[in-house]
Structures are given as structure tokens and as C-alpha cells.
file data.cif (mmCIF, C-alpha atoms)
data_work
loop_
_atom_site.group_PDB
_atom_site.id
_atom_site.type_symbol
_atom_site.label_atom_id
_atom_site.label_comp_id
_atom_site.auth_asym_id
_atom_site.auth_seq_id
_atom_site.Cartn_x
_atom_site.Cartn_y
_atom_site.Cartn_z
ATOM 1 C CA MET A 1 85.464 -22.592 4.985
ATOM 2 C CA HIS A 2 86.401 -21.723 1.425
ATOM 3 C CA TYR A 3 88.414 -24.190 -0.586
ATOM 4 C CA SER A 4 90.704 -21.955 -2.644
ATOM 5 C CA MET A 5 92.558 -18.678 -2.080
ATOM 6 C CA SER A 6 90.571 -17.038 -4.872
ATOM 7 C CA ASP A 7 87.365 -17.707 -2.969
ATOM 8 C CA PHE A 8 88.764 -16.217 0.249
ATOM 9 C CA VAL A 9 89.728 -13.112 -1.713
ATOM 10 C CA LEU A 10 86.220 -12.707 -3.101
ATOM 11 C CA ASP A 11 84.834 -12.111 0.410
ATOM 12 C CA LEU A 12 87.531 -9.525 1.146
ATOM 13 C CA VAL A 13 86.778 -7.566 -2.025
ATOM 14 C CA GLN A 14 83.087 -7.700 -1.126
ATOM 15 C CA ASN A 15 84.017 -6.208 2.279
ATOM 16 C CA SER A 16 85.808 -3.355 0.502
ATOM 17 C CA VAL A 17 82.786 -2.713 -1.717
ATOM 18 C CA GLU A 18 80.509 -2.637 1.332
ATOM 19 C CA ALA A 19 82.946 -0.244 3.048
ATOM 20 C CA GLY A 20 82.124 2.264 0.306
ATOM 21 C CA ALA A 21 85.534 2.153 -1.365
ATOM 22 C CA ARG A 22 85.977 4.186 -4.522
ATOM 23 C CA THR A 23 89.164 2.406 -5.513
ATOM 24 C CA ILE A 24 90.068 -1.177 -4.729
ATOM 25 C CA ARG A 25 93.430 -2.622 -5.673
ATOM 26 C CA LEU A 26 93.845 -6.376 -5.689
ATOM 27 C CA GLU A 27 97.263 -7.949 -6.130
ATOM 28 C CA PHE A 28 97.563 -11.672 -6.645
ATOM 29 C CA ASP A 29 101.235 -12.557 -6.699
ATOM 30 C CA GLU A 30 102.285 -16.176 -7.085
ATOM 31 C CA LYS A 31 105.912 -16.043 -5.983
ATOM 32 C CA GLU A 32 108.460 -18.852 -6.039
ATOM 33 C CA ASP A 33 107.947 -19.633 -2.352
ATOM 34 C CA GLY A 34 104.217 -19.006 -1.991
ATOM 35 C CA VAL A 35 101.267 -16.794 -2.816
ATOM 36 C CA GLN A 36 101.083 -13.191 -1.620
ATOM 37 C CA VAL A 37 97.716 -11.441 -1.901
ATOM 38 C CA THR A 38 97.049 -7.803 -1.028
ATOM 39 C CA ILE A 39 93.766 -5.900 -1.101
ATOM 40 C CA VAL A 40 93.933 -2.142 -0.605
ATOM 41 C CA ASP A 41 90.803 -0.010 -0.413
ATOM 42 C CA ASP A 42 89.953 3.594 0.383
ATOM 43 C CA GLY A 43 86.674 2.726 2.090
ATOM 44 C CA CYS A 44 85.428 3.803 5.495
ATOM 45 C CA GLY A 45 88.192 2.002 7.422
ATOM 46 C CA MET A 46 88.050 0.770 11.001
ATOM 47 C CA ASP A 47 89.411 1.933 14.332
ATOM 48 C CA GLU A 48 91.142 -0.562 16.620
ATOM 49 C CA ALA A 49 87.901 -1.777 18.164
ATOM 50 C CA GLY A 50 86.437 -2.191 14.679
ATOM 51 C CA GLN A 51 89.428 -4.241 13.578
ATOM 52 C CA ALA A 52 89.041 -6.510 16.592
ATOM 53 C CA ARG A 53 85.365 -6.967 15.704
ATOM 54 C CA ALA A 54 86.263 -7.753 12.095
ATOM 55 C CA LEU A 55 88.450 -10.621 13.277
ATOM 56 C CA ASP A 56 85.831 -11.937 15.699
ATOM 57 C CA PRO A 57 83.820 -14.684 13.980
ATOM 58 C CA PHE A 58 80.790 -13.960 16.146
ATOM 59 C CA ARG A 59 80.435 -10.354 15.039
ATOM 60 C CA SER A 60 79.222 -9.045 11.716
ATOM 61 C CA GLY A 61 79.167 -5.489 10.471
ATOM 62 C CA GLY A 62 77.364 -6.334 7.233
ATOM 63 C CA ALA A 63 74.320 -4.157 6.651
ATOM 64 C CA LYS A 64 73.190 -6.715 4.106
ATOM 65 C CA HIS A 65 72.256 -9.312 6.732
ATOM 66 C CA PRO A 66 70.849 -7.402 9.729
ATOM 67 C CA GLY A 67 69.962 -10.490 11.771
ATOM 68 C CA ARG A 68 73.180 -12.353 11.185
ATOM 69 C CA LYS A 69 75.298 -13.190 14.210
ATOM 70 C CA VAL A 70 78.469 -14.325 12.464
ATOM 71 C CA GLY A 71 80.964 -12.732 10.089
ATOM 72 C CA LEU A 72 83.422 -15.297 8.828
ATOM 73 C CA GLY A 73 85.312 -13.757 5.889
ATOM 74 C CA LEU A 74 88.390 -12.483 7.726
ATOM 75 C CA PRO A 75 88.329 -14.943 10.668
ATOM 76 C CA PHE A 76 88.317 -18.001 8.404
ATOM 77 C CA LEU A 77 91.079 -16.555 6.263
ATOM 78 C CA LYS A 78 93.215 -15.807 9.310
ATOM 79 C CA GLN A 79 92.624 -19.310 10.606
ATOM 80 C CA ALA A 80 93.576 -20.889 7.269
ATOM 81 C CA VAL A 81 96.735 -18.783 7.120
ATOM 82 C CA MET A 82 97.731 -19.770 10.657
ATOM 83 C CA LEU A 83 97.126 -23.455 9.954
ATOM 84 C CA ALA A 84 99.409 -23.236 6.931
ATOM 85 C CA GLY A 85 102.170 -21.311 8.714
ATOM 86 C CA GLY A 86 101.683 -18.222 6.558
ATOM 87 C CA SER A 87 101.231 -14.599 7.501
ATOM 88 C CA PHE A 88 98.213 -12.323 7.777
ATOM 89 C CA ASN A 89 98.072 -8.574 8.150
ATOM 90 C CA LEU A 90 95.195 -6.153 8.640
ATOM 91 C CA VAL A 91 95.960 -2.437 8.609
ATOM 92 C CA SER A 92 93.109 0.032 8.793
ATOM 93 C CA GLU A 93 92.465 3.627 9.638
ATOM 94 C CA LYS A 94 89.027 5.064 10.248
ATOM 95 C CA GLY A 95 88.051 7.316 7.355
ATOM 96 C CA LYS A 96 91.102 6.373 5.256
ATOM 97 C CA GLY A 97 90.701 2.769 4.226
ATOM 98 C CA THR A 98 91.845 -0.772 4.851
ATOM 99 C CA THR A 99 94.652 -2.980 3.626
ATOM 100 C CA VAL A 100 94.491 -6.724 4.059
ATOM 101 C CA SER A 101 97.415 -8.879 3.000
ATOM 102 C CA PHE A 102 98.219 -12.523 3.451
ATOM 103 C CA PHE A 103 100.800 -15.067 2.402
ATOM 104 C CA PHE A 104 100.486 -18.806 2.007
ATOM 105 C CA PRO A 105 103.811 -20.682 1.813
ATOM 106 C CA ALA A 106 104.056 -23.086 -1.130
ATOM 107 C CA ALA A 107 106.000 -25.590 0.951
ATOM 108 C CA ASN A 108 103.184 -26.151 3.446
ATOM 109 C CA VAL A 109 100.761 -28.925 2.594
ATOM 110 C CA ASP A 110 97.947 -27.046 4.346
ATOM 111 C CA SER A 111 98.126 -24.044 2.010
ATOM 112 C CA PRO A 112 94.951 -23.984 -0.101
ATOM 113 C CA PRO A 113 95.196 -24.053 -3.899
ATOM 114 C CA ALA A 114 95.305 -20.627 -5.600
ATOM 115 C CA GLY A 115 92.099 -21.407 -7.474
ATOM 116 C CA ASP A 116 90.930 -19.895 -10.727
ATOM 117 C CA VAL A 117 92.281 -16.344 -10.666
ATOM 118 C CA VAL A 118 90.663 -15.345 -13.971
ATOM 119 C CA SER A 119 87.243 -16.357 -12.669
ATOM 120 C CA LEU A 120 88.012 -14.391 -9.511
ATOM 121 C CA PHE A 121 88.824 -11.312 -11.602
ATOM 122 C CA MET A 122 85.643 -11.807 -13.675
ATOM 123 C CA THR A 123 83.528 -12.030 -10.528
ATOM 124 C CA VAL A 124 85.170 -8.961 -9.010
ATOM 125 C CA LEU A 125 84.669 -6.972 -12.213
ATOM 126 C CA GLY A 126 81.021 -8.021 -12.304
ATOM 127 C CA MET A 127 80.303 -6.824 -8.765
ATOM 128 C CA ALA A 128 77.654 -4.135 -8.543
ATOM 129 C CA GLY A 129 78.715 -0.578 -7.798
ATOM 130 C CA GLN A 130 80.919 2.065 -9.307
ATOM 131 C CA ALA A 131 84.161 1.298 -7.457
ATOM 132 C CA GLU A 132 87.288 1.328 -9.585
ATOM 133 C CA MET A 133 88.926 -2.108 -9.513
ATOM 134 C CA ILE A 134 92.634 -2.377 -10.222
ATOM 135 C CA LEU A 135 93.578 -6.006 -10.653
ATOM 136 C CA TYR A 136 97.198 -7.026 -10.724
ATOM 137 C CA ARG A 137 98.481 -10.502 -11.305
ATOM 138 C CA ARG A 138 101.990 -11.906 -11.305
ATOM 139 C CA ARG A 139 103.253 -15.457 -11.508
ATOM 140 C CA ALA A 140 106.960 -16.020 -10.989
ATOM 141 C CA ARG A 141 106.922 -19.574 -12.420
ATOM 142 C CA ASP A 142 106.472 -18.430 -16.033
ATOM 143 C CA GLY A 143 106.982 -14.676 -15.783
ATOM 144 C CA LEU A 144 103.290 -13.861 -16.282
ATOM 145 C CA SER A 145 102.396 -10.328 -15.248
ATOM 146 C CA TYR A 146 99.575 -7.927 -16.067
ATOM 147 C CA GLU A 147 97.317 -5.276 -14.618
ATOM 148 C CA VAL A 148 93.785 -4.356 -15.653
ATOM 149 C CA ARG A 149 91.485 -1.554 -14.548
ATOM 150 C CA LYS A 150 87.726 -1.814 -14.520
ATOM 151 C CA SER A 151 87.322 1.749 -15.831
ATOM 152 C CA GLU A 152 89.454 0.972 -18.900
ATOM 153 C CA LEU A 153 87.515 -2.189 -19.625
ATOM 154 C CA VAL A 154 84.176 -0.399 -19.257
ATOM 155 C CA GLU A 155 85.420 2.331 -21.563
ATOM 156 C CA ALA A 156 86.442 -0.293 -24.142
ATOM 157 C CA VAL A 157 83.452 -2.653 -24.062
ATOM 158 C CA GLY A 158 80.656 -0.834 -22.251
ATOM 159 C CA ASP A 159 78.652 -1.831 -19.197
ATOM 160 C CA LEU A 160 79.948 -5.085 -17.713
ATOM 161 C CA SER A 161 76.539 -6.508 -16.871
ATOM 162 C CA SER A 162 75.780 -7.287 -20.506
ATOM 163 C CA ALA A 163 76.674 -10.821 -21.509
ATOM 164 C CA SER A 164 78.392 -9.659 -24.685
ATOM 165 C CA SER A 165 80.669 -7.300 -22.702
ATOM 166 C CA LEU A 166 81.444 -10.011 -20.180
ATOM 167 C CA SER A 167 82.340 -12.387 -22.953
ATOM 168 C CA LEU A 168 84.742 -9.843 -24.486
ATOM 169 C CA VAL A 169 86.374 -9.179 -21.110
ATOM 170 C CA ARG A 170 86.772 -12.942 -20.645
ATOM 171 C CA GLN A 171 88.598 -13.124 -23.980
ATOM 172 C CA PHE A 172 90.735 -10.147 -23.004
ATOM 173 C CA LEU A 173 91.756 -11.716 -19.689
ATOM 174 C CA ALA A 174 92.406 -15.066 -21.389
ATOM 175 C CA SER A 175 94.784 -13.311 -23.794
ATOM 176 C CA GLN A 176 96.592 -11.663 -20.867
ATOM 177 C CA GLU A 177 97.018 -15.097 -19.320
ATOM 178 C CA GLU A 178 98.692 -16.426 -22.440
ATOM 179 C CA GLY A 179 100.907 -13.454 -23.121
ATOM 180 C CA MET B 180 97.440 -15.449 -29.186
ATOM 181 C CA ALA B 181 99.573 -12.598 -27.926
ATOM 182 C CA LYS B 182 98.455 -10.266 -25.170
ATOM 183 C CA MET B 183 95.535 -8.197 -26.375
ATOM 184 C CA THR B 184 95.848 -4.459 -25.882
ATOM 185 C CA LEU B 185 92.956 -2.265 -24.783
ATOM 186 C CA GLU B 186 93.031 -0.803 -28.305
ATOM 187 C CA GLN B 187 92.483 -4.264 -29.794
ATOM 188 C CA LEU B 188 89.739 -4.959 -27.282
ATOM 189 C CA ARG B 189 87.976 -1.777 -28.345
ATOM 190 C CA ALA B 190 88.315 -2.733 -32.016
ATOM 191 C CA LEU B 191 86.949 -6.201 -31.294
ATOM 192 C CA ARG B 192 83.976 -4.660 -29.581
ATOM 193 C CA GLU B 193 83.309 -2.332 -32.479
ATOM 194 C CA SER B 194 83.384 -5.192 -34.968
ATOM 195 C CA LYS B 195 80.976 -7.142 -32.718
ATOM 196 C CA GLN B 196 78.773 -4.082 -32.447
ATOM 197 C CA LYS B 197 78.486 -3.881 -36.215
ATOM 198 C CA GLU B 198 77.484 -7.521 -36.332
ATOM 199 C CA LEU B 199 74.838 -6.854 -33.725
ATOM 200 C CA ASP B 200 73.460 -3.839 -35.514
ATOM 201 C CA LYS B 201 72.671 -6.034 -38.497
ATOM 202 C CA ARG B 202 70.399 -8.223 -36.402
ATOM 203 C CA SER B 203 67.004 -7.137 -35.211
ATOM 204 C CA VAL B 204 67.589 -5.722 -31.770
ATOM 205 C CA GLU B 205 64.829 -6.117 -29.240
ATOM 206 C CA GLY B 206 66.772 -4.526 -26.414
ATOM 207 C CA LYS B 207 68.215 -6.164 -23.371
ATOM 208 C CA ASP B 208 65.146 -7.504 -21.647
ATOM 209 C CA ILE B 209 66.381 -10.873 -20.460
ATOM 210 C CA GLN B 210 68.037 -11.046 -17.062
ATOM 211 C CA VAL B 211 69.994 -14.041 -15.844
ATOM 212 C CA ILE B 212 70.954 -13.791 -12.181
ATOM 213 C CA VAL B 213 73.494 -16.173 -10.708
ATOM 214 C CA GLY B 214 73.601 -16.840 -6.958
ATOM 215 C CA MET B 215 77.165 -16.114 -5.902
ATOM 216 C CA GLY B 216 76.980 -16.439 -2.136
ATOM 217 C CA THR B 217 79.536 -18.624 -0.366
ATOM 218 C CA CYS B 218 77.206 -21.591 -0.866
ATOM 219 C CA GLY B 219 77.009 -20.913 -4.601
ATOM 220 C CA ILE B 220 80.749 -20.394 -4.978
ATOM 221 C CA ALA B 221 81.439 -23.642 -3.122
ATOM 222 C CA ALA B 222 79.128 -25.495 -5.506
ATOM 223 C CA GLY B 223 80.760 -24.019 -8.612
ATOM 224 C CA ALA B 224 78.740 -20.863 -9.348
ATOM 225 C CA LYS B 225 81.773 -19.174 -10.898
ATOM 226 C CA GLN B 226 82.029 -21.961 -13.466
ATOM 227 C CA THR B 227 78.279 -21.733 -14.065
ATOM 228 C CA PHE B 228 78.544 -17.966 -14.589
ATOM 229 C CA ASP B 229 81.332 -18.483 -17.132
ATOM 230 C CA ALA B 230 79.417 -21.270 -18.859
ATOM 231 C CA ILE B 231 76.301 -19.099 -19.185
ATOM 232 C CA VAL B 232 78.257 -16.231 -20.723
ATOM 233 C CA ALA B 233 79.976 -18.649 -23.111
ATOM 234 C CA ALA B 234 76.675 -20.310 -24.090
ATOM 235 C CA LEU B 235 74.991 -16.933 -24.721
ATOM 236 C CA GLU B 236 77.870 -15.989 -26.983
ATOM 237 C CA LYS B 237 77.773 -19.343 -28.763
ATOM 238 C CA HIS B 238 74.060 -19.073 -29.480
ATOM 239 C CA ASN B 239 74.318 -15.450 -30.562
ATOM 240 C CA ILE B 240 72.002 -13.920 -28.006
ATOM 241 C CA ALA B 241 74.595 -12.303 -25.725
ATOM 242 C CA ASP B 242 73.526 -8.837 -26.856
ATOM 243 C CA LYS B 243 70.023 -9.324 -25.473
ATOM 244 C CA VAL B 244 70.958 -10.604 -22.060
ATOM 245 C CA ILE B 245 72.118 -9.059 -18.827
ATOM 246 C CA VAL B 246 74.011 -11.419 -16.550
ATOM 247 C CA ARG B 247 74.211 -10.374 -12.916
ATOM 248 C CA GLN B 248 75.518 -11.803 -9.661
ATOM 249 C CA THR B 249 73.620 -11.886 -6.441
ATOM 250 C CA GLY B 250 74.089 -13.366 -2.973
ATOM 251 C CA CYS B 251 72.545 -16.507 -1.559
ATOM 252 C CA MET B 252 68.919 -17.051 -2.644
ATOM 253 C CA GLY B 253 68.180 -19.275 0.340
ATOM 254 C CA LEU B 254 68.356 -22.501 -1.653
ATOM 255 C CA CYS B 255 71.814 -23.586 -0.533
ATOM 256 C CA TYR B 256 70.939 -27.268 -0.874
ATOM 257 C CA VAL B 257 70.572 -26.990 -4.646
ATOM 258 C CA GLU B 258 73.377 -24.577 -5.486
ATOM 259 C CA PRO B 259 74.432 -23.287 -7.934
ATOM 260 C CA THR B 260 71.175 -21.402 -8.412
ATOM 261 C CA VAL B 261 70.204 -19.240 -11.364
ATOM 262 C CA GLU B 262 67.170 -16.979 -11.663
ATOM 263 C CA VAL B 263 65.822 -16.073 -15.071
ATOM 264 C CA VAL B 264 63.585 -13.068 -15.665
ATOM 265 C CA MET B 265 62.300 -12.527 -19.188
ATOM 266 C CA PRO B 266 59.162 -11.365 -20.923
ATOM 267 C CA GLY B 267 56.678 -14.064 -21.854
ATOM 268 C CA MET B 268 58.020 -16.531 -19.318
ATOM 269 C CA PRO B 269 57.371 -16.936 -15.591
ATOM 270 C CA ASN B 270 60.226 -15.934 -13.287
ATOM 271 C CA VAL B 271 62.022 -19.106 -12.345
ATOM 272 C CA ILE B 272 64.792 -20.032 -9.951
ATOM 273 C CA TYR B 273 66.694 -23.024 -11.210
ATOM 274 C CA GLY B 274 68.869 -25.146 -8.936
ATOM 275 C CA LYS B 275 71.710 -27.615 -9.477
ATOM 276 C CA MET B 276 72.844 -25.475 -12.395
ATOM 277 C CA THR B 277 76.180 -27.033 -13.201
ATOM 278 C CA SER B 278 78.072 -25.671 -16.162
ATOM 279 C CA GLU B 279 76.579 -28.484 -18.281
ATOM 280 C CA ALA B 280 73.070 -27.395 -17.276
ATOM 281 C CA ALA B 281 73.945 -23.793 -18.168
ATOM 282 C CA GLU B 282 73.910 -24.506 -21.889
ATOM 283 C CA GLU B 283 70.599 -26.332 -21.565
ATOM 284 C CA LEU B 284 69.229 -23.242 -19.802
ATOM 285 C CA VAL B 285 70.253 -20.971 -22.646
ATOM 286 C CA VAL B 286 68.880 -23.241 -25.361
ATOM 287 C CA LYS B 287 65.640 -24.348 -23.689
ATOM 288 C CA HIS B 288 64.554 -21.403 -21.573
ATOM 289 C CA LEU B 289 65.986 -18.397 -23.387
ATOM 290 C CA ILE B 290 65.687 -19.578 -26.987
ATOM 291 C CA GLU B 291 62.954 -22.239 -27.113
ATOM 292 C CA HIS B 292 60.895 -20.682 -24.292
ATOM 293 C CA SER B 293 60.351 -23.925 -22.437
ATOM 294 C CA LEU B 294 61.170 -24.728 -18.807
ATOM 295 C CA LEU B 295 63.913 -27.015 -17.522
ATOM 296 C CA ASP B 296 61.534 -29.134 -15.459
ATOM 297 C CA SER B 297 64.133 -31.081 -13.520
ATOM 298 C CA HIS B 298 65.910 -27.937 -12.324
ATOM 299 C CA ILE B 299 62.994 -25.812 -11.087
ATOM 300 C CA TYR B 300 63.275 -25.077 -7.364
ATOM 301 C CA ASP B 301 61.129 -21.991 -6.987
ATOM 302 C CA LYS B 302 58.124 -20.952 -9.024
ATOM 303 C CA PRO B 303 56.252 -21.527 -11.119
ATOM 304 C CA ALA B 304 53.804 -23.175 -8.735
ATOM 305 C CA VAL B 305 51.102 -25.426 -10.165
ATOM 306 C CA ASP B 306 48.430 -22.679 -10.040
ATOM 307 C CA ILE B 307 50.629 -20.270 -11.951
ATOM 308 C CA MET B 308 51.209 -22.811 -14.667
ATOM 309 C CA LYS B 309 47.458 -23.472 -15.073
ATOM 310 C CA ARG B 310 46.720 -19.828 -15.740
#

call {"tool": "encode", "arguments": {"input": "data.cif", "output": "C-alpha cells"}}
result
Amino acid sequence: MHYSMSDFVLDLVQNSVEAGARTIRLEFDEKEDGVQVTIVDDGCGMDEAGQARALDPFRSGGAKHPGRKVGLGLPFLKQAVMLAGGSFNLVSEKGKGTTVSFFFPAANVDSPPAGDVVSLFMTVLGMAGQAEMILYRRRARDGLSYEVRKSELVEAVGDLSSASSLSLVRQFLASQEEG
Amino acid sequence: MAKMTLEQLRALRESKQKELDKRSVEGKDIQVIVGMGTCGIAAGAKQTFDAIVAALEKHNIADKVIVRQTGCMGLCYVEPTVEVVMPGMPNVIYGKMTSEAAEELVVKHLIEHSLLDSHIYDKPAVDIMKR
């Protein structure tokens, strides 16, 4: 199982990319009483049977690994949330898209650490594909709040696979973190 | 440092671009591919990715390099793994690439064109090296 919340989120965003989403919105909100994360995509979505399969650890829909018998992204997350007394929600409609949200209470010792959110954003921005990524971050503790869009960053620095672009985006995100 | 605006980011890029134009540009023909499967992430691949980008910037070769992510390369026991593809050098998959090793990779492999012997986990095989 993943160690930090950021790492759990990475798998969910990857799911959205594989679902053919054109727009993916990721909200990482560190509230006073815990961390609320929401991922909204407009990918292919799932009917009720599909949602049940997504939460079954012994089923995988990934085209990337045809022989694989397990799919652990959502099941492990749900398990971690339950162990920590948080909440987990999966809402999906076939053809419309999927929304996954979860909350880990700060007061529970079993809640995983938030992890490195900037690295998470960097990894998400560097994912292959043309999907628009809207990344929102808020932290109640010090009033930090910002939102970035992949399209705006690409427009400003060029293709994000080049190391020089990535380095500029890193600086940009670091400045948002300080502001 | 205050929050940078997109406008400032664009300006920063343009000033960098001018710097780059002054140097001889050979085109982006070096690819560095970081294994970012669950195994890689667990072993610190995100930190390695960041360290590689930072080292490329530090040694002024960021404009020649493409850094990409990929899934598990099947070498989970030596994660984080990094593959390097560049002209004049054999394709190599390096393992145990901690962020400290990332700088060594940039200096030795990308700049000095020599291999990091203790980190090679796939290719070059002995026969390739003899050739």
C-alpha cells in the first residue's frame, strides 16, 4: 500500500487519464480537521457494475497490463480511509465521467501523511497525454491557496517534457507555495 | 519570493530562451526516463525525478534533455530506476538511483560520457561493450 496521500492520488489521476478524460480537476485541501481530496474527470465513466469492479481488488480494467489480475488503486485507498475513520466517495456515470473524493481526519493516528504535494503536482503535470489538468491546493493552517492549469503552464514555458520547462514549472510551483 | 504570476513565468522563460540561443544548440536528443510505477514511487522516484531536473539545470544542459516518466520497468528490486537514451552511448537502465545518484548520472553519463558502473542493471551486456 502507498505511504502518503499524495501517492494514493497519483494512481487516481492515472485512472482518469486512462479513462480518456479531457479535463481532470484535482483538489488537495488541507483543512483544520483533516485532508479532503477530490478528483473530477470527464472520462468514460462507469455504470454501477463497473464501479463495483473498480472497488474489487481482484479486478483490473487497465488496458496497460492485459494479464494482470489485480487492480489496487481504489481498493487500497478505500481500505486506508476506512482504517483511519475517514470518508470515501465514488460517483460515476457512464459516458459522463467520474468523481472520487476522500477525507482523512487529522485526529486519527492511522491517517497517512499528506506527502509532498508539489512533487505530486509535478508528476501529474508530466503525465503523457493532452488532458487539461487543473490543480487546486489549499492549506488552512497558513492560508495557502492557489490553482494552476496545465494549459497555461504549457503556453508559458512550452512542452513539459523538456527538462528546462520542468525546471521552470518547479520554480513557479515553489513560488506559489511561498506566497 | 512572492507568488510568481504566469506573466512573470513567461518572462523568465524568455530570458532563459535568450541564454540558450547564445549556446550552440544540438537539439534535444538525450532522453532520461524515470520509472514511476508504484514500486518506483515507494522507493523515492519522485525525489529522483526532481533531483535529475535540478542537476540538469545546475549543469546547464537542461535545454538538450527530455525527461519523461514511465511505469515499472520490471526491476522493482533496484528502484528507483532510470533509463538513459542518448547518441554515442549504449542505452542503459540504471537502478538504485537515489537523488544523490541522480547528480552523478548527469555529470558522468550525460556530460562525461562514461557509465555509472555500480548502478547498471540492464545493458550493456559484456558483448555489447566489447564491440

call {"tool": "atom_distance", "arguments": {"input": "data.cif", "atom1": "CA of Asn89 (chain A)", "atom2": "CA of Ser101 (chain A)"}}
result
5.2 Å

call {"tool": "interface_residues", "arguments": {"input": "data.cif", "of": "chain B", "to": "chain A", "cutoff": "8 Å", "atoms": "all atoms listed in the file", "output": "PyMOL selection string"}}
result
chain B and resi 180-183+185-186+188-189+192+217+220-221+225-226+229+232-233+235-236+241-248

call {"tool": "resolve_selection", "arguments": {"input": "data.cif", "expression": "the PyMOL selection byres ((chain B and resi 249) around 8)", "output": "number ranges by chain"}}
result
B: 212-216, 247-248, 250-252

call {"tool": "resolve_selection", "arguments": {"input": "data.cif", "expression": "the PyMOL selection byres ((chain A and resi 98) around 7)", "output": "ChimeraX atom specification"}}
result
/A:40-43,45,91-93,97,99-100

call {"tool": "residues_around", "arguments": {"input": "data.cif", "residues": "region 272-281 of chain B", "least_positions_apart": "2", "cutoff": "12 Å", "atoms": "only C-alpha atoms", "output": "PyMOL selection string"}}
result
chain B and resi 210-214+218-235+251-264+269-270+283-289+294-304

call {"tool": "write_last_selection", "arguments": {"input": "data.cif", "atoms": "C-alpha atoms", "output": "compact mmCIF listing (two decimals), keeping the file's coordinate frame"}}
result
# COMPACT_ATOMS: atom_id res chain seq x y z
CA GLN B 210 68.04 -11.05 -17.06
CA VAL B 211 69.99 -14.04 -15.84
CA ILE B 212 70.95 -13.79 -12.18
CA VAL B 213 73.49 -16.17 -10.71
CA GLY B 214 73.60 -16.84 -6.96
CA CYS B 218 77.21 -21.59 -0.87
CA GLY B 219 77.01 -20.91 -4.60
CA ILE B 220 80.75 -20.39 -4.98
CA ALA B 221 81.44 -23.64 -3.12
CA ALA B 222 79.13 -25.50 -5.51
CA GLY B 223 80.76 -24.02 -8.61
CA ALA B 224 78.74 -20.86 -9.35
CA LYS B 225 81.77 -19.17 -10.90
CA GLN B 226 82.03 -21.96 -13.47
CA THR B 227 78.28 -21.73 -14.06
CA PHE B 228 78.54 -17.97 -14.59
CA ASP B 229 81.33 -18.48 -17.13
CA ALA B 230 79.42 -21.27 -18.86
CA ILE B 231 76.30 -19.10 -19.18
CA VAL B 232 78.26 -16.23 -20.72
CA ALA B 233 79.98 -18.65 -23.11
CA ALA B 234 76.68 -20.31 -24.09
CA LEU B 235 74.99 -16.93 -24.72
CA CYS B 251 72.54 -16.51 -1.56
CA MET B 252 68.92 -17.05 -2.64
CA GLY B 253 68.18 -19.27 0.34
CA LEU B 254 68.36 -22.50 -1.65
CA CYS B 255 71.81 -23.59 -0.53
CA TYR B 256 70.94 -27.27 -0.87
CA VAL B 257 70.57 -26.99 -4.65
CA GLU B 258 73.38 -24.58 -5.49
CA PRO B 259 74.43 -23.29 -7.93
CA THR B 260 71.18 -21.40 -8.41
CA VAL B 261 70.20 -19.24 -11.36
CA GLU B 262 67.17 -16.98 -11.66
CA VAL B 263 65.82 -16.07 -15.07
CA VAL B 264 63.58 -13.07 -15.66
CA PRO B 269 57.37 -16.94 -15.59
CA ASN B 270 60.23 -15.93 -13.29
CA GLU B 283 70.60 -26.33 -21.56
CA LEU B 284 69.23 -23.24 -19.80
CA VAL B 285 70.25 -20.97 -22.65
CA VAL B 286 68.88 -23.24 -25.36
CA LYS B 287 65.64 -24.35 -23.69
CA HIS B 288 64.55 -21.40 -21.57
CA LEU B 289 65.99 -18.40 -23.39
CA LEU B 294 61.17 -24.73 -18.81
CA LEU B 295 63.91 -27.02 -17.52
CA ASP B 296 61.53 -29.13 -15.46
CA SER B 297 64.13 -31.08 -13.52
CA HIS B 298 65.91 -27.94 -12.32
CA ILE B 299 62.99 -25.81 -11.09
CA TYR B 300 63.28 -25.08 -7.36
CA ASP B 301 61.13 -21.99 -6.99
CA LYS B 302 58.12 -20.95 -9.02
CA PRO B 303 56.25 -21.53 -11.12
CA ALA B 304 53.80 -23.18 -8.74

call {"tool": "resolve_selection", "arguments": {"input": "data.cif", "expression": "the PyMOL selection byres ((chain A and resi 20) around 12)", "output": "PDB file with C-alpha atoms, in the coordinates of the input"}}
result
ATOM      1  CA  VAL A  13      86.778  -7.566  -2.025  1.00  0.00           C
ATOM      2  CA  GLN A  14      83.087  -7.700  -1.126  1.00  0.00           C
ATOM      3  CA  ASN A  15      84.017  -6.208   2.279  1.00  0.00           C
ATOM      4  CA  SER A  16      85.808  -3.355   0.502  1.00  0.00           C
ATOM      5  CA  VAL A  17      82.786  -2.713  -1.717  1.00  0.00           C
ATOM      6  CA  GLU A  18      80.509  -2.637   1.332  1.00  0.00           C
ATOM      7  CA  ALA A  19      82.946  -0.244   3.048  1.00  0.00           C
ATOM      8  CA  ALA A  21      85.534   2.153  -1.365  1.00  0.00           C
ATOM      9  CA  ARG A  22      85.977   4.186  -4.522  1.00  0.00           C
ATOM     10  CA  THR A  23      89.164   2.406  -5.513  1.00  0.00           C
ATOM     11  CA  ILE A  24      90.068  -1.177  -4.729  1.00  0.00           C
ATOM     12  CA  ASP A  41      90.803  -0.010  -0.413  1.00  0.00           C
ATOM     13  CA  ASP A  42      89.953   3.594   0.383  1.00  0.00           C
ATOM     14  CA  GLY A  43      86.674   2.726   2.090  1.00  0.00           C
ATOM     15  CA  CYS A  44      85.428   3.803   5.495  1.00  0.00           C
ATOM     16  CA  GLY A  45      88.192   2.002   7.422  1.00  0.00           C
ATOM     17  CA  ALA A  63      74.320  -4.157   6.651  1.00  0.00           C
ATOM     18  CA  GLY A  95      88.051   7.316   7.355  1.00  0.00           C
ATOM     19  CA  LYS A  96      91.102   6.373   5.256  1.00  0.00           C
ATOM     20  CA  GLY A  97      90.701   2.769   4.226  1.00  0.00           C
ATOM     21  CA  THR A  98      91.845  -0.772   4.851  1.00  0.00           C
ATOM     22  CA  ALA A 128      77.654  -4.135  -8.543  1.00  0.00           C
ATOM     23  CA  GLY A 129      78.715  -0.578  -7.798  1.00  0.00           C
ATOM     24  CA  GLN A 130      80.919   2.065  -9.307  1.00  0.00           C
ATOM     25  CA  ALA A 131      84.161   1.298  -7.457  1.00  0.00           C
ATOM     26  CA  GLU A 132      87.288   1.328  -9.585  1.00  0.00           C
TER      27      GLU A 132
END

call {"tool": "atom_distance", "arguments": {"input": "data.cif", "atom1": "CA of Arg141 (chain A)", "atom2": "CA of Ile39 (chain A)"}}
result
22.1 Å

call {"tool": "atom_distance", "arguments": {"input": "data.cif", "atom1": "CA of Lys94 (chain A)", "atom2": "CA of Glu48 (chain A)"}}
result
8.8 Å
